[in-house]
file target.txt (compact mmCIF, N, CA and C atoms)
# COMPACT_ATOMS: atom_id res chain seq x y z
N MET A 56 224.25 10.54 -205.25
CA MET A 56 225.15 10.06 -206.28
C MET A 56 225.30 8.54 -206.16
N MET A 57 225.16 7.84 -207.25
CA MET A 57 225.29 6.39 -207.29
C MET A 57 226.76 6.02 -207.44
N PHE A 58 227.23 5.07 -206.66
CA PHE A 58 228.61 4.60 -206.80
C PHE A 58 228.61 3.35 -207.65
N ASN A 59 229.55 3.27 -208.55
CA ASN A 59 229.73 2.08 -209.37
C ASN A 59 230.95 1.36 -208.83
N ILE A 60 230.76 0.61 -207.74
CA ILE A 60 231.90 -0.06 -207.13
C ILE A 60 232.34 -1.22 -208.01
N ASN A 61 233.58 -1.57 -207.88
CA ASN A 61 234.13 -2.63 -208.70
C ASN A 61 233.69 -4.00 -208.21
N GLU A 62 233.75 -4.97 -209.09
CA GLU A 62 233.24 -6.30 -208.81
C GLU A 62 233.88 -6.92 -207.57
N GLU A 63 235.20 -6.77 -207.41
CA GLU A 63 235.87 -7.38 -206.27
C GLU A 63 235.36 -6.82 -204.95
N ASN A 64 235.02 -5.57 -204.93
CA ASN A 64 234.56 -4.93 -203.70
C ASN A 64 233.19 -5.43 -203.28
N LYS A 65 232.44 -6.00 -204.19
CA LYS A 65 231.09 -6.45 -203.87
C LYS A 65 231.10 -7.59 -202.86
N ASP A 66 232.15 -8.41 -202.84
CA ASP A 66 232.24 -9.47 -201.85
C ASP A 66 232.28 -8.88 -200.44
N ILE A 67 233.06 -7.83 -200.27
CA ILE A 67 233.14 -7.17 -198.97
C ILE A 67 231.81 -6.52 -198.63
N ASP A 68 231.22 -5.85 -199.59
CA ASP A 68 229.94 -5.19 -199.35
C ASP A 68 228.87 -6.20 -198.95
N ASN A 69 228.85 -7.36 -199.59
CA ASN A 69 227.89 -8.40 -199.23
C ASN A 69 228.13 -8.91 -197.82
N ALA A 70 229.40 -9.09 -197.44
CA ALA A 70 229.73 -9.56 -196.10
C ALA A 70 229.30 -8.52 -195.06
N ILE A 71 229.53 -7.25 -195.34
CA ILE A 71 229.12 -6.18 -194.43
C ILE A 71 227.60 -6.16 -194.29
N SER A 72 226.90 -6.28 -195.39
CA SER A 72 225.43 -6.28 -195.35
C SER A 72 224.90 -7.46 -194.53
N TYR A 73 225.50 -8.62 -194.72
CA TYR A 73 225.07 -9.80 -193.97
C TYR A 73 225.33 -9.60 -192.47
N LEU A 74 226.51 -9.07 -192.14
CA LEU A 74 226.83 -8.79 -190.75
C LEU A 74 225.82 -7.81 -190.15
N GLU A 75 225.50 -6.77 -190.89
CA GLU A 75 224.53 -5.78 -190.41
C GLU A 75 223.17 -6.43 -190.17
N SER A 76 222.76 -7.36 -191.03
CA SER A 76 221.45 -8.01 -190.84
C SER A 76 221.44 -8.87 -189.58
N ILE A 77 222.55 -9.52 -189.28
CA ILE A 77 222.64 -10.32 -188.06
C ILE A 77 222.60 -9.41 -186.84
N VAL A 78 223.30 -8.29 -186.90
CA VAL A 78 223.29 -7.34 -185.78
C VAL A 78 221.88 -6.84 -185.52
N VAL A 79 221.14 -6.54 -186.58
CA VAL A 79 219.76 -6.07 -186.43
C VAL A 79 218.91 -7.15 -185.77
N GLN A 80 219.05 -8.39 -186.20
CA GLN A 80 218.27 -9.49 -185.61
C GLN A 80 218.59 -9.66 -184.13
N LEU A 81 219.86 -9.57 -183.79
CA LEU A 81 220.25 -9.72 -182.39
C LEU A 81 219.76 -8.55 -181.55
N ARG A 82 219.82 -7.36 -182.12
CA ARG A 82 219.34 -6.18 -181.40
C ARG A 82 217.84 -6.29 -181.13
N LYS A 83 217.08 -6.73 -182.15
CA LYS A 83 215.63 -6.87 -181.99
C LYS A 83 215.27 -7.91 -180.94
N SER A 84 216.10 -8.93 -180.80
CA SER A 84 215.81 -9.99 -179.83
C SER A 84 216.49 -9.73 -178.48
N ASN A 85 217.08 -8.56 -178.33
CA ASN A 85 217.75 -8.16 -177.08
C ASN A 85 218.83 -9.14 -176.64
N LYS A 86 219.61 -9.63 -177.61
CA LYS A 86 220.65 -10.61 -177.31
C LYS A 86 222.07 -10.03 -177.44
N LEU A 87 222.19 -8.71 -177.45
CA LEU A 87 223.51 -8.09 -177.55
C LEU A 87 223.93 -7.56 -176.19
N ASP A 88 224.99 -8.15 -175.64
CA ASP A 88 225.53 -7.60 -174.40
C ASP A 88 226.62 -6.58 -174.74
N ASP A 89 227.15 -5.93 -173.74
CA ASP A 89 228.13 -4.87 -173.98
C ASP A 89 229.41 -5.39 -174.62
N THR A 90 229.85 -6.56 -174.23
CA THR A 90 231.07 -7.14 -174.80
C THR A 90 230.89 -7.38 -176.30
N THR A 91 229.77 -7.94 -176.67
CA THR A 91 229.48 -8.21 -178.08
C THR A 91 229.35 -6.91 -178.86
N LYS A 92 228.67 -5.94 -178.28
CA LYS A 92 228.55 -4.63 -178.93
C LYS A 92 229.93 -4.02 -179.17
N ASN A 93 230.84 -4.17 -178.21
CA ASN A 93 232.19 -3.64 -178.37
C ASN A 93 232.95 -4.35 -179.49
N LEU A 94 232.78 -5.66 -179.61
CA LEU A 94 233.42 -6.41 -180.71
C LEU A 94 232.93 -5.90 -182.06
N ILE A 95 231.63 -5.72 -182.15
CA ILE A 95 231.03 -5.22 -183.40
C ILE A 95 231.52 -3.81 -183.69
N GLN A 96 231.51 -2.96 -182.68
CA GLN A 96 231.93 -1.58 -182.86
C GLN A 96 233.40 -1.50 -183.26
N ASP A 97 234.24 -2.33 -182.66
CA ASP A 97 235.67 -2.34 -183.02
C ASP A 97 235.87 -2.70 -184.48
N LEU A 98 235.15 -3.72 -184.95
CA LEU A 98 235.28 -4.11 -186.36
C LEU A 98 234.84 -2.98 -187.28
N PHE A 99 233.72 -2.34 -186.93
CA PHE A 99 233.24 -1.23 -187.76
C PHE A 99 234.18 -0.04 -187.68
N ASP A 100 234.70 0.27 -186.50
CA ASP A 100 235.59 1.41 -186.35
C ASP A 100 236.92 1.20 -187.05
N ASP A 101 237.41 -0.02 -187.02
CA ASP A 101 238.73 -0.29 -187.59
C ASP A 101 238.64 -0.71 -189.06
N ASP A 102 238.27 -1.95 -189.29
CA ASP A 102 238.32 -2.52 -190.65
C ASP A 102 237.30 -1.91 -191.60
N ILE A 103 236.05 -1.88 -191.18
CA ILE A 103 235.00 -1.44 -192.10
C ILE A 103 235.11 0.04 -192.41
N SER A 104 235.43 0.84 -191.42
CA SER A 104 235.62 2.27 -191.65
C SER A 104 236.79 2.52 -192.61
N TYR A 105 237.87 1.79 -192.42
CA TYR A 105 239.03 1.92 -193.31
C TYR A 105 238.64 1.55 -194.74
N TYR A 106 237.92 0.44 -194.88
CA TYR A 106 237.47 0.02 -196.20
C TYR A 106 236.59 1.08 -196.85
N MET A 107 235.62 1.59 -196.10
CA MET A 107 234.69 2.58 -196.66
C MET A 107 235.42 3.85 -197.08
N THR A 108 236.42 4.23 -196.32
CA THR A 108 237.18 5.45 -196.62
C THR A 108 238.10 5.27 -197.82
N ASN A 109 238.74 4.11 -197.93
CA ASN A 109 239.79 3.93 -198.93
C ASN A 109 239.39 3.16 -200.19
N TYR A 110 238.36 2.34 -200.10
CA TYR A 110 238.05 1.47 -201.23
C TYR A 110 236.63 1.59 -201.76
N TYR A 111 235.72 2.16 -201.01
CA TYR A 111 234.34 2.25 -201.47
C TYR A 111 234.19 3.47 -202.37
N LEU A 112 234.94 3.46 -203.44
CA LEU A 112 234.97 4.56 -204.40
C LEU A 112 234.97 3.99 -205.81
N PRO A 113 234.42 4.72 -206.76
CA PRO A 113 234.47 4.23 -208.14
C PRO A 113 235.91 4.15 -208.64
N GLY A 114 236.22 3.06 -209.29
CA GLY A 114 237.52 2.93 -209.94
C GLY A 114 238.66 2.50 -209.03
N ILE A 115 238.41 2.21 -207.77
CA ILE A 115 239.47 1.79 -206.88
C ILE A 115 239.21 0.35 -206.44
N GLU A 116 240.06 -0.55 -206.87
CA GLU A 116 239.93 -1.96 -206.51
C GLU A 116 240.57 -2.20 -205.15
N THR A 117 239.97 -3.09 -204.39
CA THR A 117 240.51 -3.47 -203.09
C THR A 117 241.73 -4.34 -203.29
N ASN A 118 242.76 -4.08 -202.54
CA ASN A 118 243.94 -4.92 -202.54
C ASN A 118 243.50 -6.33 -202.12
N SER A 119 243.88 -7.34 -202.88
CA SER A 119 243.38 -8.70 -202.63
C SER A 119 243.76 -9.22 -201.25
N LYS A 120 244.93 -8.87 -200.75
CA LYS A 120 245.34 -9.29 -199.41
C LYS A 120 244.45 -8.64 -198.36
N TYR A 121 244.17 -7.36 -198.54
CA TYR A 121 243.29 -6.65 -197.60
C TYR A 121 241.86 -7.18 -197.72
N GLU A 122 241.43 -7.46 -198.93
CA GLU A 122 240.08 -8.00 -199.14
C GLU A 122 239.90 -9.30 -198.37
N GLU A 123 240.87 -10.18 -198.47
CA GLU A 123 240.81 -11.46 -197.76
C GLU A 123 240.80 -11.22 -196.25
N GLN A 124 241.62 -10.31 -195.78
CA GLN A 124 241.70 -10.02 -194.35
C GLN A 124 240.38 -9.49 -193.80
N ILE A 125 239.78 -8.52 -194.47
CA ILE A 125 238.55 -7.93 -193.95
C ILE A 125 237.39 -8.92 -194.02
N ILE A 126 237.32 -9.70 -195.10
CA ILE A 126 236.27 -10.71 -195.20
C ILE A 126 236.43 -11.75 -194.10
N ASN A 127 237.66 -12.18 -193.84
CA ASN A 127 237.89 -13.15 -192.77
C ASN A 127 237.50 -12.57 -191.41
N ASN A 128 237.82 -11.30 -191.16
CA ASN A 128 237.44 -10.66 -189.90
C ASN A 128 235.92 -10.60 -189.75
N ILE A 129 235.24 -10.27 -190.84
CA ILE A 129 233.78 -10.21 -190.81
C ILE A 129 233.20 -11.60 -190.58
N ILE A 130 233.72 -12.60 -191.28
CA ILE A 130 233.24 -13.97 -191.13
C ILE A 130 233.46 -14.47 -189.70
N ASP A 131 234.62 -14.13 -189.12
CA ASP A 131 234.88 -14.53 -187.73
C ASP A 131 233.84 -13.94 -186.79
N LEU A 132 233.52 -12.67 -186.97
CA LEU A 132 232.53 -12.03 -186.12
C LEU A 132 231.14 -12.60 -186.37
N ILE A 133 230.82 -12.88 -187.61
CA ILE A 133 229.52 -13.51 -187.92
C ILE A 133 229.41 -14.85 -187.21
N GLY A 134 230.49 -15.62 -187.20
CA GLY A 134 230.49 -16.90 -186.50
C GLY A 134 230.20 -16.73 -185.01
N ILE A 135 230.80 -15.74 -184.41
CA ILE A 135 230.58 -15.46 -182.99
C ILE A 135 229.12 -15.07 -182.76
N LEU A 136 228.61 -14.18 -183.61
CA LEU A 136 227.23 -13.69 -183.45
C LEU A 136 226.20 -14.78 -183.67
N LYS A 137 226.46 -15.70 -184.60
CA LYS A 137 225.51 -16.79 -184.85
C LYS A 137 225.39 -17.73 -183.66
N LYS A 138 226.45 -17.82 -182.86
CA LYS A 138 226.39 -18.66 -181.67
C LYS A 138 225.47 -18.06 -180.61
N ILE A 139 225.24 -16.77 -180.68
CA ILE A 139 224.37 -16.10 -179.72
C ILE A 139 222.90 -16.44 -179.96
N PHE A 140 222.56 -16.70 -181.24
CA PHE A 140 221.17 -17.04 -181.55
C PHE A 140 220.83 -18.26 -180.80
call {"tool": "encode", "arguments": {"input": "target.txt", "output": "structure tokens"}}
result
Amino acid sequence: MMFNINEENKDIDNAISYLESIVVQLRKSNKLDDTTKNLIQDLFDDDISYYMTNYYLPGIETNSKYEEQIINNIIDLIGILKKIF
């Protein structure tokens, strides 16, 4: 089934996709230690899982305050991961 997510949610989806691509690159280069893996897992378990459960649905817009929070959390983690390269 194809989901028709709303426009606002696409910003979060793009941030998640970008984060996932960085994780894949780091994994391929064997640059992920346990601490970093735990940071990534925590973000996915907490923020991203909550988003996927509550907002990744047709017709449900992300609360703008929550959208800003999750994007900022993802950007913070991306910043940390980019320093590992």
call {"tool": "atom_distance", "arguments": {"input": "target.txt", "atom1": "CA of Tyr105 in chain A", "atom2": "CA of Asn85 in chain A"}}
result
28.6 Å
call {"tool": "atom_distance", "arguments": {"input": "target.txt", "atom1": "CA of Asp102 in chain A", "atom2": "CA of Ile77 in chain A"}}
result
17.7 Å
call {"tool": "closest_residue", "arguments": {"input": "target.txt", "among": "A:Ile103, A:Leu136, A:Leu74, A:Leu81", "to": "Tyr121 in chain A", "atoms": "only C-alpha atoms"}}
result
A:Ile103
call {"tool": "atom_distance", "arguments": {"input": "target.txt", "atom1": "atom N of Asp66 in chain A", "atom2": "atom C of Ile95 in chain A"}}
result
19.7 Å
call {"tool": "residues_around", "arguments": {"input": "target.txt", "residues": "Asn128 in chain A", "least_positions_apart": "5", "cutoff": "12 Å", "atoms": "only C-alpha atoms", "output": "VMD selection string"}}
result
chain A and resid 67 70 to 71 74 94 to 95 97 to 99 101 to 103 121 to 123 133 to 135
call {"tool": "residues_around", "arguments": {"input": "target.txt", "residues": "Gln96 in chain A", "least_positions_apart": "4", "cutoff": "12 Å", "atoms": "only C-alpha atoms", "output": "list in words"}}
result
Leu74, Glu75, Val78, Leu87, Asp89, Thr90, Thr91, Lys92, Asp100, Asp101, Asp102, Ile103, Ser104, Ile129 and Leu132 of chain A
call {"tool": "select_by_dssp", "arguments": {"input": "target.txt", "residues": "chain A", "states": "helix (DSSP H, G or I)", "output": "PDB file with N, CA and C atoms, keeping the file's coordinate frame"}}
result
ATOM      1  N   GLU A  62     233.750  -4.970-209.090  1.00  0.00           N
ATOM      2  CA  GLU A  62     233.240  -6.300-208.810  1.00  0.00           C
ATOM      3  C   GLU A  62     233.880  -6.920-207.570  1.00  0.00           C
ATOM      4  N   GLU A  63     235.200  -6.770-207.410  1.00  0.00           N
ATOM      5  CA  GLU A  63     235.870  -7.380-206.270  1.00  0.00           C
ATOM      6  C   GLU A  63     235.360  -6.820-204.950  1.00  0.00           C
ATOM      7  N   ASN A  64     235.020  -5.570-204.930  1.00  0.00           N
ATOM      8  CA  ASN A  64     234.560  -4.930-203.700  1.00  0.00           C
ATOM      9  C   ASN A  64     233.190  -5.430-203.280  1.00  0.00           C
ATOM     10  N   LYS A  65     232.440  -6.000-204.190  1.00  0.00           N
ATOM     11  CA  LYS A  65     231.090  -6.450-203.870  1.00  0.00           C
ATOM     12  C   LYS A  65     231.100  -7.590-202.860  1.00  0.00           C
ATOM     13  N   ASP A  66     232.150  -8.410-202.840  1.00  0.00           N
ATOM     14  CA  ASP A  66     232.240  -9.470-201.850  1.00  0.00           C
ATOM     15  C   ASP A  66     232.280  -8.880-200.440  1.00  0.00           C
ATOM     16  N   ILE A  67     233.060  -7.830-200.270  1.00  0.00           N
ATOM     17  CA  ILE A  67     233.140  -7.170-198.970  1.00  0.00           C
ATOM     18  C   ILE A  67     231.810  -6.520-198.630  1.00  0.00           C
ATOM     19  N   ASP A  68     231.220  -5.850-199.590  1.00  0.00           N
ATOM     20  CA  ASP A  68     229.940  -5.190-199.350  1.00  0.00           C
ATOM     21  C   ASP A  68     228.870  -6.200-198.950  1.00  0.00           C
ATOM     22  N   ASN A  69     228.850  -7.360-199.590  1.00  0.00           N
ATOM     23  CA  ASN A  69     227.890  -8.400-199.230  1.00  0.00           C
ATOM     24  C   ASN A  69     228.130  -8.910-197.820  1.00  0.00           C
ATOM     25  N   ALA A  70     229.400  -9.090-197.440  1.00  0.00           N
ATOM     26  CA  ALA A  70     229.730  -9.560-196.100  1.00  0.00           C
ATOM     27  C   ALA A  70     229.300  -8.520-195.060  1.00  0.00           C
ATOM     28  N   ILE A  71     229.530  -7.250-195.340  1.00  0.00           N
ATOM     29  CA  ILE A  71     229.120  -6.180-194.430  1.00  0.00           C
ATOM     30  C   ILE A  71     227.600  -6.160-194.290  1.00  0.00           C
ATOM     31  N   SER A  72     226.900  -6.280-195.390  1.00  0.00           N
ATOM     32  CA  SER A  72     225.430  -6.280-195.350  1.00  0.00           C
ATOM     33  C   SER A  72     224.900  -7.460-194.530  1.00  0.00           C
ATOM     34  N   TYR A  73     225.500  -8.620-194.720  1.00  0.00           N
ATOM     35  CA  TYR A  73     225.070  -9.800-193.970  1.00  0.00           C
ATOM     36  C   TYR A  73     225.330  -9.600-192.470  1.00  0.00           C
ATOM     37  N   LEU A  74     226.510  -9.070-192.140  1.00  0.00           N
ATOM     38  CA  LEU A  74     226.830  -8.790-190.750  1.00  0.00           C
ATOM     39  C   LEU A  74     225.820  -7.810-190.150  1.00  0.00           C
ATOM     40  N   GLU A  75     225.500  -6.770-190.890  1.00  0.00           N
ATOM     41  CA  GLU A  75     224.530  -5.780-190.410  1.00  0.00           C
ATOM     42  C   GLU A  75     223.170  -6.430-190.170  1.00  0.00           C
ATOM     43  N   SER A  76     222.760  -7.360-191.030  1.00  0.00           N
ATOM     44  CA  SER A  76     221.450  -8.010-190.840  1.00  0.00           C
ATOM     45  C   SER A  76     221.440  -8.870-189.580  1.00  0.00           C
ATOM     46  N   ILE A  77     222.550  -9.520-189.280  1.00  0.00           N
ATOM     47  CA  ILE A  77     222.640 -10.320-188.060  1.00  0.00           C
ATOM     48  C   ILE A  77     222.600  -9.410-186.840  1.00  0.00           C
ATOM     49  N   VAL A  78     223.300  -8.290-186.900  1.00  0.00           N
ATOM     50  CA  VAL A  78     223.290  -7.340-185.780  1.00  0.00           C
ATOM     51  C   VAL A  78     221.880  -6.840-185.520  1.00  0.00           C
ATOM     52  N   VAL A  79     221.140  -6.540-186.580  1.00  0.00           N
ATOM     53  CA  VAL A  79     219.760  -6.070-186.430  1.00  0.00           C
ATOM     54  C   VAL A  79     218.910  -7.150-185.770  1.00  0.00           C
ATOM     55  N   GLN A  80     219.050  -8.390-186.200  1.00  0.00           N
ATOM     56  CA  GLN A  80     218.270  -9.490-185.610  1.00  0.00           C
ATOM     57  C   GLN A  80     218.590  -9.660-184.130  1.00  0.00           C
ATOM     58  N   LEU A  81     219.860  -9.570-183.790  1.00  0.00           N
ATOM     59  CA  LEU A  81     220.250  -9.720-182.390  1.00  0.00           C
ATOM     60  C   LEU A  81     219.760  -8.550-181.550  1.00  0.00           C
ATOM     61  N   ARG A  82     219.820  -7.360-182.120  1.00  0.00           N
ATOM     62  CA  ARG A  82     219.340  -6.180-181.400  1.00  0.00           C
ATOM     63  C   ARG A  82     217.840  -6.290-181.130  1.00  0.00           C
ATOM     64  N   LYS A  83     217.080  -6.730-182.150  1.00  0.00           N
ATOM     65  CA  LYS A  83     215.630  -6.870-181.990  1.00  0.00           C
ATOM     66  C   LYS A  83     215.270  -7.910-180.940  1.00  0.00           C
ATOM     67  N   ASP A  89     227.150  -5.930-173.740  1.00  0.00           N
ATOM     68  CA  ASP A  89     228.130  -4.870-173.980  1.00  0.00           C
ATOM     69  C   ASP A  89     229.410  -5.390-174.620  1.00  0.00           C
ATOM     70  N   THR A  90     229.850  -6.560-174.230  1.00  0.00           N
ATOM     71  CA  THR A  90     231.070  -7.140-174.800  1.00  0.00           C
ATOM     72  C   THR A  90     230.890  -7.380-176.300  1.00  0.00           C
ATOM     73  N   THR A  91     229.770  -7.940-176.670  1.00  0.00           N
ATOM     74  CA  THR A  91     229.480  -8.210-178.080  1.00  0.00           C
ATOM     75  C   THR A  91     229.350  -6.910-178.860  1.00  0.00           C
ATOM     76  N   LYS A  92     228.670  -5.940-178.280  1.00  0.00           N
ATOM     77  CA  LYS A  92     228.550  -4.630-178.930  1.00  0.00           C
ATOM     78  C   LYS A  92     229.930  -4.020-179.170  1.00  0.00           C
ATOM     79  N   ASN A  93     230.840  -4.170-178.210  1.00  0.00           N
ATOM     80  CA  ASN A  93     232.190  -3.640-178.370  1.00  0.00           C
ATOM     81  C   ASN A  93     232.950  -4.350-179.490  1.00  0.00           C
ATOM     82  N   LEU A  94     232.780  -5.660-179.610  1.00  0.00           N
ATOM     83  CA  LEU A  94     233.420  -6.410-180.710  1.00  0.00           C
ATOM     84  C   LEU A  94     232.930  -5.900-182.060  1.00  0.00           C
ATOM     85  N   ILE A  95     231.630  -5.720-182.150  1.00  0.00           N
ATOM     86  CA  ILE A  95     231.030  -5.220-183.400  1.00  0.00           C
ATOM     87  C   ILE A  95     231.520  -3.810-183.690  1.00  0.00           C
ATOM     88  N   GLN A  96     231.510  -2.960-182.680  1.00  0.00           N
ATOM     89  CA  GLN A  96     231.930  -1.580-182.860  1.00  0.00           C
ATOM     90  C   GLN A  96     233.400  -1.500-183.260  1.00  0.00           C
ATOM     91  N   ASP A  97     234.240  -2.330-182.660  1.00  0.00           N
ATOM     92  CA  ASP A  97     235.670  -2.340-183.020  1.00  0.00           C
ATOM     93  C   ASP A  97     235.870  -2.700-184.480  1.00  0.00           C
ATOM     94  N   LEU A  98     235.150  -3.720-184.950  1.00  0.00           N
ATOM     95  CA  LEU A  98     235.280  -4.110-186.360  1.00  0.00           C
ATOM     96  C   LEU A  98     234.840  -2.980-187.280  1.00  0.00           C
ATOM     97  N   PHE A  99     233.720  -2.340-186.930  1.00  0.00           N
ATOM     98  CA  PHE A  99     233.240  -1.230-187.760  1.00  0.00           C
ATOM     99  C   PHE A  99     234.180  -0.040-187.680  1.00  0.00           C
ATOM    100  N   ASP A 100     234.700   0.270-186.500  1.00  0.00           N
ATOM    101  CA  ASP A 100     235.590   1.410-186.350  1.00  0.00           C
ATOM    102  C   ASP A 100     236.920   1.200-187.050  1.00  0.00           C
ATOM    103  N   ASP A 101     237.410  -0.020-187.020  1.00  0.00           N
ATOM    104  CA  ASP A 101     238.730  -0.290-187.590  1.00  0.00           C
ATOM    105  C   ASP A 101     238.640  -0.710-189.060  1.00  0.00           C
ATOM    106  N   ASP A 102     238.270  -1.950-189.290  1.00  0.00           N
ATOM    107  CA  ASP A 102     238.320  -2.520-190.650  1.00  0.00           C
ATOM    108  C   ASP A 102     237.300  -1.910-191.600  1.00  0.00           C
ATOM    109  N   ILE A 103     236.050  -1.880-191.180  1.00  0.00           N
ATOM    110  CA  ILE A 103     235.000  -1.440-192.100  1.00  0.00           C
ATOM    111  C   ILE A 103     235.110   0.040-192.410  1.00  0.00           C
ATOM    112  N   SER A 104     235.430   0.840-191.420  1.00  0.00           N
ATOM    113  CA  SER A 104     235.620   2.270-191.650  1.00  0.00           C
ATOM    114  C   SER A 104     236.790   2.520-192.610  1.00  0.00           C
ATOM    115  N   TYR A 105     237.870   1.790-192.420  1.00  0.00           N
ATOM    116  CA  TYR A 105     239.030   1.920-193.310  1.00  0.00           C
ATOM    117  C   TYR A 105     238.640   1.550-194.740  1.00  0.00           C
ATOM    118  N   TYR A 106     237.920   0.440-194.880  1.00  0.00           N
ATOM    119  CA  TYR A 106     237.470   0.020-196.200  1.00  0.00           C
ATOM    120  C   TYR A 106     236.590   1.080-196.850  1.00  0.00           C
ATOM    121  N   MET A 107     235.620   1.590-196.100  1.00  0.00           N
ATOM    122  CA  MET A 107     234.690   2.580-196.660  1.00  0.00           C
ATOM    123  C   MET A 107     235.420   3.850-197.080  1.00  0.00           C
ATOM    124  N   THR A 108     236.420   4.230-196.320  1.00  0.00           N
ATOM    125  CA  THR A 108     237.180   5.450-196.620  1.00  0.00           C
ATOM    126  C   THR A 108     238.100   5.270-197.820  1.00  0.00           C
ATOM    127  N   ASN A 109     238.740   4.110-197.930  1.00  0.00           N
ATOM    128  CA  ASN A 109     239.790   3.930-198.930  1.00  0.00           C
ATOM    129  C   ASN A 109     239.390   3.160-200.190  1.00  0.00           C
ATOM    130  N   SER A 119     243.880  -7.340-202.880  1.00  0.00           N
ATOM    131  CA  SER A 119     243.380  -8.700-202.630  1.00  0.00           C
ATOM    132  C   SER A 119     243.760  -9.220-201.250  1.00  0.00           C
ATOM    133  N   LYS A 120     244.930  -8.870-200.750  1.00  0.00           N
ATOM    134  CA  LYS A 120     245.340  -9.290-199.410  1.00  0.00           C
ATOM    135  C   LYS A 120     244.450  -8.640-198.360  1.00  0.00           C
ATOM    136  N   TYR A 121     244.170  -7.360-198.540  1.00  0.00           N
ATOM    137  CA  TYR A 121     243.290  -6.650-197.600  1.00  0.00           C
ATOM    138  C   TYR A 121     241.860  -7.180-197.720  1.00  0.00           C
ATOM    139  N   GLU A 122     241.430  -7.460-198.930  1.00  0.00           N
ATOM    140  CA  GLU A 122     240.080  -8.000-199.140  1.00  0.00           C
ATOM    141  C   GLU A 122     239.900  -9.300-198.370  1.00  0.00           C
ATOM    142  N   GLU A 123     240.870 -10.180-198.470  1.00  0.00           N
ATOM    143  CA  GLU A 123     240.810 -11.460-197.760  1.00  0.00           C
ATOM    144  C   GLU A 123     240.800 -11.220-196.250  1.00  0.00           C
ATOM    145  N   GLN A 124     241.620 -10.310-195.780  1.00  0.00           N
ATOM    146  CA  GLN A 124     241.700 -10.020-194.350  1.00  0.00           C
ATOM    147  C   GLN A 124     240.380  -9.490-193.800  1.00  0.00           C
ATOM    148  N   ILE A 125     239.780  -8.520-194.470  1.00  0.00           N
ATOM    149  CA  ILE A 125     238.550  -7.930-193.950  1.00  0.00           C
ATOM    150  C   ILE A 125     237.390  -8.920-194.020  1.00  0.00           C
ATOM    151  N   ILE A 126     237.320  -9.700-195.100  1.00  0.00           N
ATOM    152  CA  ILE A 126     236.270 -10.710-195.200  1.00  0.00           C
ATOM    153  C   ILE A 126     236.430 -11.750-194.100  1.00  0.00           C
ATOM    154  N   ASN A 127     237.660 -12.180-193.840  1.00  0.00           N
ATOM    155  CA  ASN A 127     237.890 -13.150-192.770  1.00  0.00           C
ATOM    156  C   ASN A 127     237.500 -12.570-191.410  1.00  0.00           C
ATOM    157  N   ASN A 128     237.820 -11.300-191.160  1.00  0.00           N
ATOM    158  CA  ASN A 128     237.440 -10.660-189.900  1.00  0.00           C
ATOM    159  C   ASN A 128     235.920 -10.600-189.750  1.00  0.00           C
ATOM    160  N   ILE A 129     235.240 -10.270-190.840  1.00  0.00           N
ATOM    161  CA  ILE A 129     233.780 -10.210-190.810  1.00  0.00           C
ATOM    162  C   ILE A 129     233.200 -11.600-190.580  1.00  0.00           C
ATOM    163  N   ILE A 130     233.720 -12.600-191.280  1.00  0.00           N
ATOM    164  CA  ILE A 130     233.240 -13.970-191.130  1.00  0.00           C
ATOM    165  C   ILE A 130     233.460 -14.470-189.700  1.00  0.00           C
ATOM    166  N   ASP A 131     234.620 -14.130-189.120  1.00  0.00           N
ATOM    167  CA  ASP A 131     234.880 -14.530-187.730  1.00  0.00           C
ATOM    168  C   ASP A 131     233.840 -13.940-186.790  1.00  0.00           C
ATOM    169  N   LEU A 132     233.520 -12.670-186.970  1.00  0.00           N
ATOM    170  CA  LEU A 132     232.530 -12.030-186.120  1.00  0.00           C
ATOM    171  C   LEU A 132     231.140 -12.600-186.370  1.00  0.00           C
ATOM    172  N   ILE A 133     230.820 -12.880-187.610  1.00  0.00           N
ATOM    173  CA  ILE A 133     229.520 -13.510-187.920  1.00  0.00           C
ATOM    174  C   ILE A 133     229.410 -14.850-187.210  1.00  0.00           C
ATOM    175  N   GLY A 134     230.490 -15.620-187.200  1.00  0.00           N
ATOM    176  CA  GLY A 134     230.490 -16.900-186.500  1.00  0.00           C
ATOM    177  C   GLY A 134     230.200 -16.730-185.010  1.00  0.00           C
ATOM    178  N   ILE A 135     230.800 -15.740-184.410  1.00  0.00           N
ATOM    179  CA  ILE A 135     230.580 -15.460-182.990  1.00  0.00           C
ATOM    180  C   ILE A 135     229.120 -15.070-182.760  1.00  0.00           C
ATOM    181  N   LEU A 136     228.610 -14.180-183.610  1.00  0.00           N
ATOM    182  CA  LEU A 136     227.230 -13.690-183.450  1.00  0.00           C
ATOM    183  C   LEU A 136     226.200 -14.780-183.670  1.00  0.00           C
ATOM    184  N   LYS A 137     226.460 -15.700-184.600  1.00  0.00           N
ATOM    185  CA  LYS A 137     225.510 -16.790-184.850  1.00  0.00           C
ATOM    186  C   LYS A 137     225.390 -17.730-183.660  1.00  0.00           C
ATOM    187  N   LYS A 138     226.450 -17.820-182.860  1.00  0.00           N
ATOM    188  CA  LYS A 138     226.390 -18.660-181.670  1.00  0.00           C
ATOM    189  C   LYS A 138     225.470 -18.060-180.610  1.00  0.00           C
ATOM    190  N   ILE A 139     225.240 -16.770-180.680  1.00  0.00           N
ATOM    191  CA  ILE A 139     224.370 -16.100-179.720  1.00  0.00           C
ATOM    192  C   ILE A 139     222.900 -16.440-179.960  1.00  0.00           C
TER     193      ILE A 139
END
